[in-house]
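Since the structure comes first, as structure tokens, the remarks are kept for the end.
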Amino acid sequence: MKKNITVLMVALFMLGFWNKLSSQDWPQFMGSERNGKVTGFKAPAEWPAELSPAWKIKVGSGDATPVLSGNKIYVFTRQDMDEAVLCLNAETGKNIWIYKYSVPSVTGPSGSHPGPRSTPILFKNKIITFGVSGIVTCLDAATGKLIWNKADPTVPILEFFTSMSPLVTDGMCIIQTGGKDNGKVEALDINTGNVKWSYTGEGPSYASPSLMNVGKVRAVVLFLEKSLAALNVSNGNLLWQVPAVPGLRYYNCVSPYIDGNKIYYSGQGTGSKAIIISKNGDKFVASELWSNPEVGAKWNTPVLRDGYLYGFTDQRRIYCLNATTGQTTWIDNATNSDFATLVDCGSVLLGLPSTGNLIVFRPDPGAYAEIAKYKVSDTQVYSFPVISGNKVYVKDAENLTMYLIK
């Protein structure tokens with residue numbers, strides 16, 4: 001009897017373990033590793049003719065991607081004159097808690113997009129948001145209770161307002177603030193919001209930072225308005241910097257993609273590039289691996305799959321590049337939209353242009369191979385689809401919808 005109980009307990013443990021592995025959290029910008037990859041997704045043997053919405057609720061305006069942990073999904077939006085953080089039941093869409101705070105009006109060219117752009121980040125029992133006017137808020141993820149916030153109305157902001165998504169590492173939250181020619185990178189203590197270090201220099205961009213390790217040094221890699229740079233996570237010191245001036249009157253909006261000691265980056269009018277970071281004595285060296293002037297992106301950060309980069313060009317087309325040589329392997333003829341996101345689900349890639357069409361295609365370096373296309377929103381979409389199991393969460397201009405892939 002004792003042996004049977006032991007076997008049963010082990011079986012239940014393993015069942016829970018595998019259930020935990022098969023579920024996919026999306027805790028920050030571009031997923032758990034900030035690389036656009038989804039784990040635990042199993043494509044259906046036959047894709048359905050359409051996706052079925054399980055629920056749809058109005059949550060407020062904004063372009064921030066929701067974040068997901070277990071059975072809770074968090075949405076960062078604008079409701080009237082407030083920025084709001086909503087915690088919802090991921091299965092039903094029912095509200096668990098909401099936290100609001102007043103913010104200034106969004107005017108000028110961004111008036112049609114008054115809501116936040118920055119994806120929140122979940123870290124242990126906290127959720128941190130970064131609003132359009134630069135307000136940083138840290139809440140208890142279980143209750144919505146305010147832990148700390150940071151707001152400085154004297155700090156300048158960009159023409160299209162704050163867009164970078166915060167990064168958490170080594171007990172610190174990394175943010176970029178400032179305006180044109182006047183930027184600051186700050187590392188805030190995750191528990192108090194106090195500044196642990198800061199770096200001043202070029203103005204920020206509209207891209208989001210990532211992490212990389214070179215030897216024993218941990219670095220945060222980020223786009224500035226005219227360059228790509230890396231700061232030492234421990235003290236904020238500049239490790240290396242390479243020119244990355246956007247073409248014409250464009251802006252740096254594509255977040256860098258990190259693969260070991262390689263970085264892939266792009267911009268509208270500048271094509272795509274790859275560099276490798278090495279260490280020579282006490283200095284860090286950034287060496288160009290390749291440059292492809294043919295394929296650039298306006299907004300979309302590519303995903304790396306089996307040695308190939310897939311993404312959306314600034315000409316609104318899906319492309320594939322050889323990540324080793326930079327050679328273009330194909331560019332699809334169909335046009336989509338200026339803004340698009342892309343996630344790697346293993347056997348398939350899922351693209352979501354702002355047109356609201358969820359595009360399913362195979363990661364095939366030989367040719368573009370579309371499997372299905374679904375209309376998931378009647379309004380523009382500027383956030384990533386969040387995929388967990390057979391569920392797809394889509395945040396459009398005003399609503400959050402959960403679809404089921406049956």
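Chain lettering (A, B, ...) mirrors the order of the structure tokens, residue numbering begins at 1 for each chain separately, and ligand numbering begins at 1 in order of display.
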Residue contacts of Tyr101 of chain A (10 Å, only C-alpha atoms) excluding same-chain residues fewer than 3 positions away, as a CSV table (one decimal) with N, CA and C atoms, in the first residue's frame:
```csv
chain,number,residue,atom,x,y,z
A,78,ARG,N,-4.9,52.9,-21.2
A,78,ARG,CA,-5.3,54.2,-20.8
A,78,ARG,C,-6.9,54.2,-20.7
A,79,GLN,N,-7.4,54.7,-19.6
A,79,GLN,CA,-8.9,54.8,-19.5
A,79,GLN,C,-9.2,56.2,-19.1
A,81,MET,N,-8.6,59.8,-18.4
A,81,MET,CA,-7.4,60.5,-18.1
A,81,MET,C,-6.4,59.8,-17.2
A,82,ASP,N,-6.6,58.4,-17.1
A,82,ASP,CA,-5.8,57.6,-16.2
A,82,ASP,C,-5.0,56.5,-17.1
A,83,GLU,N,-3.9,56.2,-16.6
A,83,GLU,CA,-3.3,54.9,-17.0
A,83,GLU,C,-3.7,53.9,-16.1
A,84,ALA,N,-4.0,52.7,-16.6
A,84,ALA,CA,-4.6,51.6,-15.7
A,84,ALA,C,-3.9,50.3,-15.9
A,85,VAL,N,-3.7,49.6,-14.9
A,85,VAL,CA,-3.1,48.2,-14.9
A,85,VAL,C,-4.3,47.3,-14.4
A,135,ILE,N,6.3,57.7,-16.3
A,135,ILE,CA,6.0,57.3,-14.9
A,135,ILE,C,6.2,55.8,-14.8
A,137,THR,N,5.8,52.5,-12.4
A,137,THR,CA,5.0,52.0,-11.3
A,137,THR,C,5.3,50.6,-11.0
```
So which residues touch Leu231 of chain A within 9 Å, counting only C-alpha atoms, skipping near sequence neighbours fewer than 4 positions away, as a list in words?
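Here the answer would be Tyr199, Arg218, Ala219, Val220, Val221, Leu222, Asn235, Gly236, Asn237, Leu238, Leu239 and Trp240 of chain A.
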Give me the residues of segment 192-303 of chain A that have any atom at most 12 Å from an atom of segment 162-165 of chain A; for each, the nearest atom pair and the distance in Å, rounded to one decimal. Use only C-alpha atoms, sort by chain and number, and format it as JSON lines.
```
{"residue": "A:Gly203", "atom": "CA", "partner": "A:Thr162", "partner_atom": "CA", "distance": 11.5}
{"residue": "A:Pro204", "atom": "CA", "partner": "A:Met164", "partner_atom": "CA", "distance": 8.6}
{"residue": "A:Ser205", "atom": "CA", "partner": "A:Met164", "partner_atom": "CA", "distance": 7.5}
{"residue": "A:Tyr206", "atom": "CA", "partner": "A:Ser163", "partner_atom": "CA", "distance": 5.2}
{"residue": "A:Ala207", "atom": "CA", "partner": "A:Met164", "partner_atom": "CA", "distance": 5.4}
{"residue": "A:Ser208", "atom": "CA", "partner": "A:Met164", "partner_atom": "CA", "distance": 4.5}
{"residue": "A:Pro209", "atom": "CA", "partner": "A:Ser165", "partner_atom": "CA", "distance": 7.5}
{"residue": "A:Ser210", "atom": "CA", "partner": "A:Ser165", "partner_atom": "CA", "distance": 9.9}
{"residue": "A:Leu222", "atom": "CA", "partner": "A:Met164", "partner_atom": "CA", "distance": 9.8}
{"residue": "A:Phe223", "atom": "CA", "partner": "A:Met164", "partner_atom": "CA", "distance": 9.8}
{"residue": "A:Leu224", "atom": "CA", "partner": "A:Met164", "partner_atom": "CA", "distance": 10.9}
{"residue": "A:Asn252", "atom": "CA", "partner": "A:Met164", "partner_atom": "CA", "distance": 11.0}
{"residue": "A:Cys253", "atom": "CA", "partner": "A:Ser163", "partner_atom": "CA", "distance": 9.0}
{"residue": "A:Val254", "atom": "CA", "partner": "A:Met164", "partner_atom": "CA", "distance": 10.4}
{"residue": "A:Ser255", "atom": "CA", "partner": "A:Met164", "partner_atom": "CA", "distance": 9.0}
{"residue": "A:Trp299", "atom": "CA", "partner": "A:Ser163", "partner_atom": "CA", "distance": 11.7}
```
Please dump the current selection as a compact mmCIF listing (two decimals), in the first residue's frame; keep C-alpha atoms.
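part12.txt was written with the following content:
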```txt
# COMPACT_ATOMS: atom_id res chain seq x y z
CA GLY A 203 18.57 60.58 -26.40
CA PRO A 204 16.61 57.32 -26.16
CA SER A 205 15.04 55.48 -29.07
CA TYR A 206 11.68 53.73 -29.42
CA ALA A 207 13.30 50.27 -29.16
CA SER A 208 13.64 48.08 -26.06
CA PRO A 209 16.86 46.75 -24.48
CA SER A 210 18.09 43.17 -24.17
CA LEU A 222 20.14 49.17 -26.18
CA PHE A 223 19.45 51.47 -29.08
CA LEU A 224 20.05 55.16 -28.59
CA ASN A 252 15.42 53.66 -34.25
CA CYS A 253 12.46 51.47 -33.36
CA VAL A 254 13.62 47.87 -33.96
CA SER A 255 14.87 46.22 -30.78
CA TRP A 299 9.27 48.33 -36.33
```
Among segment 47-165 of chain A, which ones does DSSP assign to strand (DSSP E) (computed from the backbone)? Answer as a PyMOL selection string.
chain A and resi 52-58+67-69+72-79+82-89+95-102+121-123+126-130+136-140+146-150
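In this structure, atom CA of Gly134 of chain A sits 13.9 Å away from atom CA of Phe76 of chain A.
Relative to atom CA of Leu350 of chain A, atom CA of Asn333 of chain A is found at 17.6 Å.
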Considering only C-alpha atoms, return as a VMD selection string whatever protein or nucleic-acid residues lie within 9 Å of Gly179 of chain A, sequence-local ones (same chain, fewer than 6 positions apart) excluded.
chain A and resid 155 to 159 161 202 to 205
